[in-house]
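Enquirer: First the structure, which I've put down as structure tokens, then a few questions once you've had a look.
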There are 2 protein chains.
Amino acid sequence: MAKAIHSMIRVTDEDRSVAFYNRAFGLELADRYDFEGFTLIYLSNAETGFELELTVNKGQDAPYDLGNGYGHIAFSVNDIDAEHKRLSELGLEPRDIKSLDHDGTPLATFFFLQDPDGYMIEVLQRAGRYL
Amino acid sequence: MAKAIHSMIRVTDEDRSVAFYNRAFGLELADRYDFEGFTLIYLSNAETGFELELTVNKGQDAPYDLGNGYGHIAFSVNDIDAEHKRLSELGLEPRDIKSLDHDGTPLATFFFLQDPDGYMIEVLQRAGRYL
């Protein structure tokens with residue numbers, strides 16, 4: 001059966017993005033493949049085999065057009081208040097923590113932050129269906 | 001530690017997208033939450049806990065602007081030739097199967113196809129680092 005294994009985004013500055021995902025989510029460099037016109041970088045941590053793939057196209061200096069279709073990748077965390085504080089102290093400017101109810105039942109507690117290229121990332125309290 | 005749990009894309013036609021991801025990758029409806037202005041749909045299969053989240057914004061009829069930043073979600077499969085044939089026979093128009101070497105060593109065998117909103121999806125032969 002088909003297995004979801006990674007999500008790919010194009011980024012403009014490899015070092016900046018690798019540092020961000022490491023500091024923000026503990027993602028480590030799993031593999032890096034340099035080609036003539038581009039570099040592929042795979043990031044992951046011990047929580048899941050699902051990877052974030054970064055593509056760096058050489059010579060791409062202009063910001064990418066992020067459009068309005070793709071939403072975000074989401075990470076669950078054990079203590080959302082502590083994570084929000086930690087990310088704030090790192091200067092990563094997480095947005096406010098919010099909660100979403102569905103039919104009167106708490107569904108999600110979360111906040112968003114942006115990566116260095118402006119991609120949105122959702123951080124969810126590990127609870128309910130978000131494990 | 002932060003755990004990657006889902007990736008979200010905005011789609012214009014819920015039924016069409018749910019049918020596509022089911023036929024193409026065996027993703028089943030894990031949960032569906034209807035709100036006043038939008039619906040959240042979570043799709044997954046038994047291969048991984050990582051989910052695809054679809055957001056349907058009510059009243060959104062125009063196609064989303066997909067930009068050029070977000071790349072794709074990737075799925076690994078046991079038999080890429082058989083999957084390519086099956087997806088072709090379903091009329092899902094997968095692109096040609098290609099291989100990528102890195103420094104003379106085979107790295108990946110893959111093809112792309114588009115979902116109903118035009119998002120790219122990579123299908124990889126389950127081998128090497130793509131498990």
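As shown in the structure tokens, the chain order sets the letters A, B, ...; within each chain, residues go from 1, and ligands are also counted from 1 in the order they appear.
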Fewer than 2 positions away in the same chain doesn't count, so skip those; otherwise give me all residues within 8 Å of B:Lys58, counting only C-alpha atoms, as a list in words.
Expert: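 Once the nearby chain positions are removed, what remains is Gly37, Phe38, Thr39, Val56 and Gln60 of chain B.
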Enquirer: Produce the least-squares-superposed copy of chain A, fitted on chain B over all in-order C-alpha pairs, as a CSV table (one decimal) with N, CA and C atoms, in the first residue's frame.
Expert:
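Result file follows (superposed10.csv):
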chain,number,residue,atom,x,y,z
A,1,MET,N,9.3,15.6,22.1
A,1,MET,CA,9.8,16.1,20.9
A,1,MET,C,8.7,16.4,19.8
A,2,ALA,N,8.9,17.4,19.0
A,2,ALA,CA,7.8,17.7,18.0
A,2,ALA,C,7.7,16.5,17.0
A,3,LYS,N,6.5,16.1,16.7
A,3,LYS,CA,6.3,15.0,15.8
A,3,LYS,C,5.5,15.5,14.6
A,4,ALA,N,6.0,15.3,13.4
A,4,ALA,CA,5.2,15.7,12.2
A,4,ALA,C,4.0,14.8,12.1
A,5,ILE,N,2.8,15.4,12.0
A,5,ILE,CA,1.6,14.5,12.1
A,5,ILE,C,0.7,14.7,10.8
A,6,HIS,N,0.7,15.9,10.2
A,6,HIS,CA,-0.1,16.0,9.0
A,6,HIS,C,0.4,17.1,8.1
A,7,SER,N,-0.1,17.1,6.9
A,7,SER,CA,0.2,18.2,5.9
A,7,SER,C,-1.2,18.6,5.4
A,8,MET,N,-1.4,19.9,5.3
A,8,MET,CA,-2.7,20.5,4.9
A,8,MET,C,-2.6,21.2,3.5
A,9,ILE,N,-3.6,20.8,2.7
A,9,ILE,CA,-3.8,21.5,1.4
A,9,ILE,C,-5.3,22.0,1.4
A,10,ARG,N,-5.5,23.1,0.7
A,10,ARG,CA,-6.8,23.6,0.5
A,10,ARG,C,-7.3,23.0,-0.9
A,11,VAL,N,-8.5,22.5,-0.9
A,11,VAL,CA,-9.1,21.9,-2.1
A,11,VAL,C,-10.5,22.5,-2.3
A,12,THR,N,-10.9,22.5,-3.6
A,12,THR,CA,-12.2,23.1,-3.9
A,12,THR,C,-13.4,22.2,-3.9
A,13,ASP,N,-13.2,20.9,-4.1
A,13,ASP,CA,-14.3,19.9,-4.2
A,13,ASP,C,-14.0,18.7,-3.3
A,14,GLU,N,-14.6,18.7,-2.1
A,14,GLU,CA,-14.3,17.6,-1.2
A,14,GLU,C,-14.5,16.2,-1.7
A,15,ASP,N,-15.6,16.0,-2.3
A,15,ASP,CA,-15.9,14.6,-2.8
A,15,ASP,C,-14.9,14.2,-3.8
A,16,ARG,N,-14.6,15.1,-4.7
A,16,ARG,CA,-13.6,14.8,-5.8
A,16,ARG,C,-12.2,14.5,-5.2
A,17,SER,N,-11.8,15.2,-4.2
A,17,SER,CA,-10.5,15.0,-3.6
A,17,SER,C,-10.4,13.7,-2.8
A,18,VAL,N,-11.5,13.5,-2.0
A,18,VAL,CA,-11.5,12.3,-1.2
A,18,VAL,C,-11.5,11.1,-2.1
A,19,ALA,N,-12.3,11.1,-3.2
A,19,ALA,CA,-12.3,10.0,-4.1
A,19,ALA,C,-10.9,9.8,-4.7
A,20,PHE,N,-10.3,10.9,-5.1
A,20,PHE,CA,-9.0,10.7,-5.7
A,20,PHE,C,-7.9,10.1,-4.8
A,21,TYR,N,-7.9,10.6,-3.6
A,21,TYR,CA,-6.8,10.1,-2.7
A,21,TYR,C,-7.1,8.7,-2.2
A,22,ASN,N,-8.4,8.3,-2.3
A,22,ASN,CA,-8.7,6.9,-2.0
A,22,ASN,C,-8.3,6.0,-3.1
A,23,ARG,N,-8.7,6.4,-4.3
A,23,ARG,CA,-8.4,5.5,-5.5
A,23,ARG,C,-6.8,5.5,-5.7
A,24,ALA,N,-6.2,6.6,-5.6
A,24,ALA,CA,-4.8,6.7,-5.9
A,24,ALA,C,-3.9,6.1,-4.9
A,25,PHE,N,-4.2,6.3,-3.6
A,25,PHE,CA,-3.3,5.9,-2.5
A,25,PHE,C,-3.9,5.1,-1.4
A,26,GLY,N,-5.2,4.8,-1.5
A,26,GLY,CA,-5.8,4.0,-0.5
A,26,GLY,C,-6.1,4.8,0.8
A,27,LEU,N,-6.1,6.1,0.7
A,27,LEU,CA,-6.3,6.9,1.9
A,27,LEU,C,-7.9,6.8,2.2
A,28,GLU,N,-8.1,6.6,3.5
A,28,GLU,CA,-9.5,6.5,3.9
A,28,GLU,C,-9.8,7.7,4.8
A,29,LEU,N,-11.1,8.0,4.9
A,29,LEU,CA,-11.5,9.1,5.8
A,29,LEU,C,-11.3,8.7,7.3
A,30,ALA,N,-10.4,9.5,7.9
A,30,ALA,CA,-10.2,9.2,9.4
A,30,ALA,C,-11.1,10.1,10.2
A,31,ASP,N,-11.3,11.3,9.8
A,31,ASP,CA,-12.2,12.2,10.6
A,31,ASP,C,-12.7,13.3,9.6
A,32,ARG,N,-13.8,13.9,10.0
A,32,ARG,CA,-14.3,15.0,9.2
A,32,ARG,C,-15.0,15.9,10.1
A,33,TYR,N,-14.7,17.2,10.1
A,33,TYR,CA,-15.2,18.2,11.0
A,33,TYR,C,-15.8,19.4,10.2
A,34,ASP,N,-17.1,19.5,10.3
A,34,ASP,CA,-17.8,20.6,9.5
A,34,ASP,C,-17.9,21.8,10.4
A,35,PHE,N,-17.5,23.0,9.9
A,35,PHE,CA,-17.7,24.2,10.6
A,35,PHE,C,-18.5,25.2,9.8
A,36,GLU,N,-18.8,26.3,10.3
A,36,GLU,CA,-19.7,27.3,9.6
A,36,GLU,C,-19.1,27.6,8.2
A,37,GLY,N,-17.8,28.0,8.2
A,37,GLY,CA,-17.2,28.5,7.0
A,37,GLY,C,-16.3,27.5,6.3
A,38,PHE,N,-16.0,26.4,6.9
A,38,PHE,CA,-15.1,25.5,6.3
A,38,PHE,C,-15.2,24.1,6.8
A,39,THR,N,-14.6,23.1,6.2
A,39,THR,CA,-14.7,21.7,6.6
A,39,THR,C,-13.2,21.2,6.6
A,40,LEU,N,-12.9,20.5,7.7
A,40,LEU,CA,-11.6,19.8,7.8
A,40,LEU,C,-11.8,18.3,7.6
A,41,ILE,N,-11.0,17.7,6.7
A,41,ILE,CA,-11.1,16.3,6.4
A,41,ILE,C,-9.7,15.7,6.6
A,42,TYR,N,-9.6,14.6,7.4
A,42,TYR,CA,-8.3,13.9,7.6
A,42,TYR,C,-8.3,12.6,6.9
A,43,LEU,N,-7.3,12.4,6.1
A,43,LEU,CA,-7.2,11.1,5.3
A,43,LEU,C,-5.9,10.4,5.7
A,44,SER,N,-6.0,9.1,5.8
A,44,SER,CA,-4.8,8.3,6.2
A,44,SER,C,-5.1,6.8,5.8
A,45,ASN,N,-4.0,6.1,5.8
A,45,ASN,CA,-4.1,4.6,5.7
A,45,ASN,C,-3.3,3.9,6.7
A,46,ALA,N,-3.3,2.6,6.7
A,46,ALA,CA,-2.6,1.8,7.7
A,46,ALA,C,-1.1,1.9,7.7
A,47,GLU,N,-0.5,2.5,6.6
A,47,GLU,CA,0.9,2.5,6.5
A,47,GLU,C,1.6,3.4,7.5
A,48,THR,N,1.0,4.5,7.8
A,48,THR,CA,1.6,5.5,8.7
A,48,THR,C,0.5,6.3,9.4
A,49,GLY,N,0.9,6.9,10.5
A,49,GLY,CA,0.0,7.8,11.2
A,49,GLY,C,-0.1,9.2,10.6
A,50,PHE,N,0.8,9.4,9.7
A,50,PHE,CA,0.9,10.8,9.1
A,50,PHE,C,-0.4,10.9,8.2
A,51,GLU,N,-1.1,12.0,8.4
A,51,GLU,CA,-2.3,12.3,7.7
A,51,GLU,C,-2.2,13.4,6.6
A,52,LEU,N,-3.1,13.3,5.7
A,52,LEU,CA,-3.3,14.4,4.7
A,52,LEU,C,-4.5,15.1,5.2
A,53,GLU,N,-4.4,16.4,5.5
A,53,GLU,CA,-5.6,17.2,5.9
A,53,GLU,C,-6.0,18.0,4.7
A,54,LEU,N,-7.3,17.9,4.4
A,54,LEU,CA,-7.9,18.7,3.4
A,54,LEU,C,-8.7,19.8,4.0
A,55,THR,N,-8.6,21.0,3.6
A,55,THR,CA,-9.5,22.1,4.0
A,55,THR,C,-10.3,22.5,2.9
A,56,VAL,N,-11.6,22.5,3.1
A,56,VAL,CA,-12.6,23.0,2.1
A,56,VAL,C,-13.2,24.3,2.6
A,57,ASN,N,-12.9,25.4,2.0
A,57,ASN,CA,-13.4,26.7,2.4
A,57,ASN,C,-14.7,26.9,1.6
A,58,LYS,N,-15.8,27.0,2.4
A,58,LYS,CA,-17.1,27.1,1.7
A,58,LYS,C,-17.2,28.5,0.9
A,59,GLY,N,-17.7,28.4,-0.3
A,59,GLY,CA,-17.8,29.6,-1.1
A,59,GLY,C,-16.6,29.8,-2.0
A,60,GLN,N,-15.6,29.0,-1.8
A,60,GLN,CA,-14.4,29.1,-2.6
A,60,GLN,C,-14.6,28.3,-3.9
A,61,ASP,N,-14.9,29.0,-5.0
A,61,ASP,CA,-15.2,28.3,-6.2
A,61,ASP,C,-13.9,28.4,-7.2
A,62,ALA,N,-13.2,29.5,-7.0
A,62,ALA,CA,-12.1,29.7,-7.9
A,62,ALA,C,-10.9,28.7,-7.5
A,63,PRO,N,-10.2,28.3,-8.5
A,63,PRO,CA,-9.0,27.5,-8.2
A,63,PRO,C,-8.1,28.2,-7.3
A,64,TYR,N,-7.4,27.5,-6.4
A,64,TYR,CA,-6.4,28.1,-5.6
A,64,TYR,C,-5.1,28.4,-6.4
A,65,ASP,N,-4.4,29.4,-6.0
A,65,ASP,CA,-3.1,29.7,-6.6
A,65,ASP,C,-2.0,28.8,-6.0
A,66,LEU,N,-1.5,27.9,-6.7
A,66,LEU,CA,-0.6,26.9,-6.1
A,66,LEU,C,0.8,27.5,-6.0
A,67,GLY,N,1.1,28.6,-6.6
A,67,GLY,CA,2.4,29.2,-6.5
A,67,GLY,C,3.5,28.3,-7.0
A,68,ASN,N,4.8,28.5,-6.6
A,68,ASN,CA,5.9,27.7,-7.0
A,68,ASN,C,6.8,27.3,-5.9
A,69,GLY,N,6.3,27.4,-4.7
A,69,GLY,CA,7.1,27.1,-3.5
A,69,GLY,C,6.9,25.7,-3.0
A,70,TYR,N,5.7,25.4,-2.7
A,70,TYR,CA,5.4,24.0,-2.2
A,70,TYR,C,5.6,23.1,-3.3
A,71,GLY,N,6.2,21.9,-3.0
A,71,GLY,CA,6.5,20.9,-4.0
A,71,GLY,C,5.5,19.8,-4.1
A,72,HIS,N,5.5,18.9,-3.1
A,72,HIS,CA,4.7,17.7,-3.3
A,72,HIS,C,4.6,17.0,-1.9
A,73,ILE,N,3.7,16.1,-1.8
A,73,ILE,CA,3.7,15.0,-0.8
A,73,ILE,C,4.2,13.8,-1.6
A,74,ALA,N,5.0,12.9,-1.0
A,74,ALA,CA,5.5,11.7,-1.6
A,74,ALA,C,5.0,10.5,-1.0
A,75,PHE,N,4.7,9.5,-1.8
A,75,PHE,CA,4.3,8.1,-1.3
A,75,PHE,C,5.2,7.1,-1.9
A,76,SER,N,5.6,6.2,-1.0
A,76,SER,CA,6.4,5.0,-1.5
A,76,SER,C,5.5,3.9,-1.8
A,77,VAL,N,5.8,3.1,-2.8
A,77,VAL,CA,5.0,1.9,-3.2
A,77,VAL,C,6.0,0.7,-3.4
A,78,ASN,N,5.4,-0.5,-3.3
A,78,ASN,CA,6.2,-1.7,-3.5
A,78,ASN,C,6.6,-2.0,-4.9
A,79,ASP,N,5.7,-1.6,-5.8
A,79,ASP,CA,6.0,-2.0,-7.2
A,79,ASP,C,5.6,-0.8,-8.1
A,80,ILE,N,6.6,0.0,-8.4
A,80,ILE,CA,6.2,1.3,-9.1
A,80,ILE,C,5.7,1.0,-10.5
A,81,ASP,N,6.1,0.0,-11.2
A,81,ASP,CA,5.6,-0.3,-12.5
A,81,ASP,C,4.1,-0.6,-12.4
A,82,ALA,N,3.8,-1.5,-11.5
A,82,ALA,CA,2.4,-1.9,-11.3
A,82,ALA,C,1.5,-0.7,-10.9
A,83,GLU,N,2.0,0.1,-10.0
A,83,GLU,CA,1.3,1.3,-9.6
A,83,GLU,C,1.0,2.3,-10.8
A,84,HIS,N,2.1,2.4,-11.6
A,84,HIS,CA,2.0,3.4,-12.7
A,84,HIS,C,0.9,2.8,-13.7
A,85,LYS,N,0.9,1.5,-13.9
A,85,LYS,CA,-0.1,0.9,-14.8
A,85,LYS,C,-1.5,1.1,-14.2
A,86,ARG,N,-1.6,0.8,-12.9
A,86,ARG,CA,-2.9,0.9,-12.2
A,86,ARG,C,-3.5,2.3,-12.3
A,87,LEU,N,-2.6,3.3,-12.0
A,87,LEU,CA,-3.1,4.7,-12.0
A,87,LEU,C,-3.4,5.2,-13.4
A,88,SER,N,-2.6,4.7,-14.4
A,88,SER,CA,-2.9,5.0,-15.8
A,88,SER,C,-4.3,4.5,-16.2
A,89,GLU,N,-4.6,3.2,-15.8
A,89,GLU,CA,-5.8,2.6,-16.1
A,89,GLU,C,-7.0,3.3,-15.4
A,90,LEU,N,-6.7,3.9,-14.3
A,90,LEU,CA,-7.8,4.7,-13.6
A,90,LEU,C,-8.0,6.0,-14.3
A,91,GLY,N,-7.2,6.4,-15.3
A,91,GLY,CA,-7.3,7.7,-15.9
A,91,GLY,C,-6.7,8.8,-15.2
A,92,LEU,N,-5.8,8.5,-14.2
A,92,LEU,CA,-5.2,9.6,-13.4
A,92,LEU,C,-4.0,10.2,-14.0
A,93,GLU,N,-3.6,9.7,-15.2
A,93,GLU,CA,-2.5,10.3,-16.0
A,93,GLU,C,-1.2,10.6,-15.3
A,94,PRO,N,-0.6,9.5,-14.7
A,94,PRO,CA,0.7,9.7,-14.1
A,94,PRO,C,1.7,10.0,-15.2
A,95,ARG,N,2.7,10.8,-14.9
A,95,ARG,CA,3.7,11.1,-15.8
A,95,ARG,C,4.7,9.9,-15.9
A,96,ASP,N,5.6,10.0,-16.8
A,96,ASP,CA,6.6,8.9,-17.1
A,96,ASP,C,7.4,8.6,-15.8
A,97,ILE,N,7.7,7.3,-15.7
A,97,ILE,CA,8.6,6.9,-14.6
A,97,ILE,C,10.0,7.3,-15.0
A,98,LYS,N,10.7,7.9,-14.0
A,98,LYS,CA,12.1,8.4,-14.2
A,98,LYS,C,13.0,7.9,-13.1
A,99,SER,N,14.3,7.9,-13.3
A,99,SER,CA,15.3,7.5,-12.3
A,99,SER,C,16.2,8.6,-12.1
A,100,LEU,N,16.7,8.8,-10.9
A,100,LEU,CA,17.7,9.8,-10.5
A,100,LEU,C,18.9,9.1,-9.9
A,101,ASP,N,20.0,9.4,-10.5
A,101,ASP,CA,21.3,8.9,-9.9
A,101,ASP,C,22.0,10.0,-9.1
A,102,HIS,N,22.7,9.7,-8.1
A,102,HIS,CA,23.6,10.6,-7.4
A,102,HIS,C,25.0,10.1,-7.4
A,103,ASP,N,25.9,10.9,-8.0
A,103,ASP,CA,27.3,10.4,-8.1
A,103,ASP,C,27.4,9.0,-8.6
A,104,GLY,N,26.6,8.7,-9.6
A,104,GLY,CA,26.7,7.4,-10.3
A,104,GLY,C,26.0,6.3,-9.6
A,105,THR,N,25.3,6.6,-8.5
A,105,THR,CA,24.6,5.5,-7.7
A,105,THR,C,23.1,5.8,-7.8
A,106,PRO,N,22.3,4.8,-8.1
A,106,PRO,CA,20.9,5.0,-8.2
A,106,PRO,C,20.3,5.5,-6.9
A,107,LEU,N,19.6,6.6,-7.0
A,107,LEU,CA,19.0,7.2,-5.7
A,107,LEU,C,17.5,6.9,-5.7
A,108,ALA,N,16.8,7.2,-6.8
A,108,ALA,CA,15.4,7.1,-6.7
A,108,ALA,C,14.8,6.8,-8.1
A,109,THR,N,13.7,6.0,-8.1
A,109,THR,CA,12.8,5.7,-9.2
A,109,THR,C,11.5,6.2,-8.9
A,110,PHE,N,10.9,7.1,-9.7
A,110,PHE,CA,9.7,7.8,-9.3
A,110,PHE,C,8.9,8.3,-10.5
A,111,PHE,N,7.7,8.7,-10.2
A,111,PHE,CA,6.9,9.5,-11.2
A,111,PHE,C,6.0,10.4,-10.4
A,112,PHE,N,5.5,11.4,-11.1
A,112,PHE,CA,4.6,12.4,-10.6
A,112,PHE,C,3.2,12.2,-11.1
A,113,LEU,N,2.3,12.6,-10.4
A,113,LEU,CA,0.9,12.9,-10.9
A,113,LEU,C,0.3,14.0,-10.2
A,114,GLN,N,-0.8,14.5,-10.7
A,114,GLN,CA,-1.4,15.7,-10.1
A,114,GLN,C,-2.8,15.3,-9.5
A,115,ASP,N,-3.1,15.9,-8.3
A,115,ASP,CA,-4.4,15.7,-7.8
A,115,ASP,C,-5.4,16.6,-8.5
A,116,PRO,N,-6.7,16.5,-8.1
A,116,PRO,CA,-7.7,17.2,-8.9
A,116,PRO,C,-7.5,18.7,-8.8
A,117,ASP,N,-6.9,19.3,-7.8
A,117,ASP,CA,-6.6,20.7,-7.7
A,117,ASP,C,-5.3,21.1,-8.4
A,118,GLY,N,-4.5,20.1,-8.8
A,118,GLY,CA,-3.3,20.4,-9.5
A,118,GLY,C,-2.0,20.3,-8.6
A,119,TYR,N,-2.2,19.9,-7.3
A,119,TYR,CA,-1.1,19.6,-6.5
A,119,TYR,C,-0.3,18.5,-7.0
A,120,MET,N,1.0,18.6,-7.0
A,120,MET,CA,1.9,17.5,-7.5
A,120,MET,C,2.1,16.5,-6.4
A,121,ILE,N,2.1,15.2,-6.8
A,121,ILE,CA,2.4,14.1,-5.9
A,121,ILE,C,3.5,13.2,-6.5
A,122,GLU,N,4.4,12.9,-5.6
A,122,GLU,CA,5.5,12.0,-6.1
A,122,GLU,C,5.2,10.6,-5.6
A,123,VAL,N,5.4,9.6,-6.5
A,123,VAL,CA,5.3,8.2,-6.2
A,123,VAL,C,6.7,7.6,-6.4
A,124,LEU,N,7.2,7.0,-5.3
A,124,LEU,CA,8.6,6.5,-5.3
A,124,LEU,C,8.6,5.0,-5.1
A,125,GLN,N,9.5,4.3,-5.9
A,125,GLN,CA,9.7,2.9,-5.6
A,125,GLN,C,10.3,2.8,-4.2
A,126,ARG,N,9.7,1.9,-3.4
A,126,ARG,CA,10.1,1.7,-2.0
A,126,ARG,C,11.5,0.9,-2.1
A,127,ALA,N,12.5,1.7,-1.9
A,127,ALA,CA,13.9,1.1,-2.0
A,127,ALA,C,14.9,2.1,-1.4
A,128,GLY,N,16.1,1.6,-1.1
A,128,GLY,CA,17.1,2.6,-0.6
A,128,GLY,C,16.7,3.4,0.6
A,129,ARG,N,16.7,4.7,0.5
A,129,ARG,CA,16.3,5.5,1.6
A,129,ARG,C,14.8,5.8,1.6
A,130,TYR,N,14.1,5.4,0.5
A,130,TYR,CA,12.7,5.8,0.4
A,130,TYR,C,11.8,4.6,0.8
A,131,LEU,N,11.6,4.4,2.1
A,131,LEU,CA,11.0,3.3,2.6
A,131,LEU,C,9.6,3.6,3.2
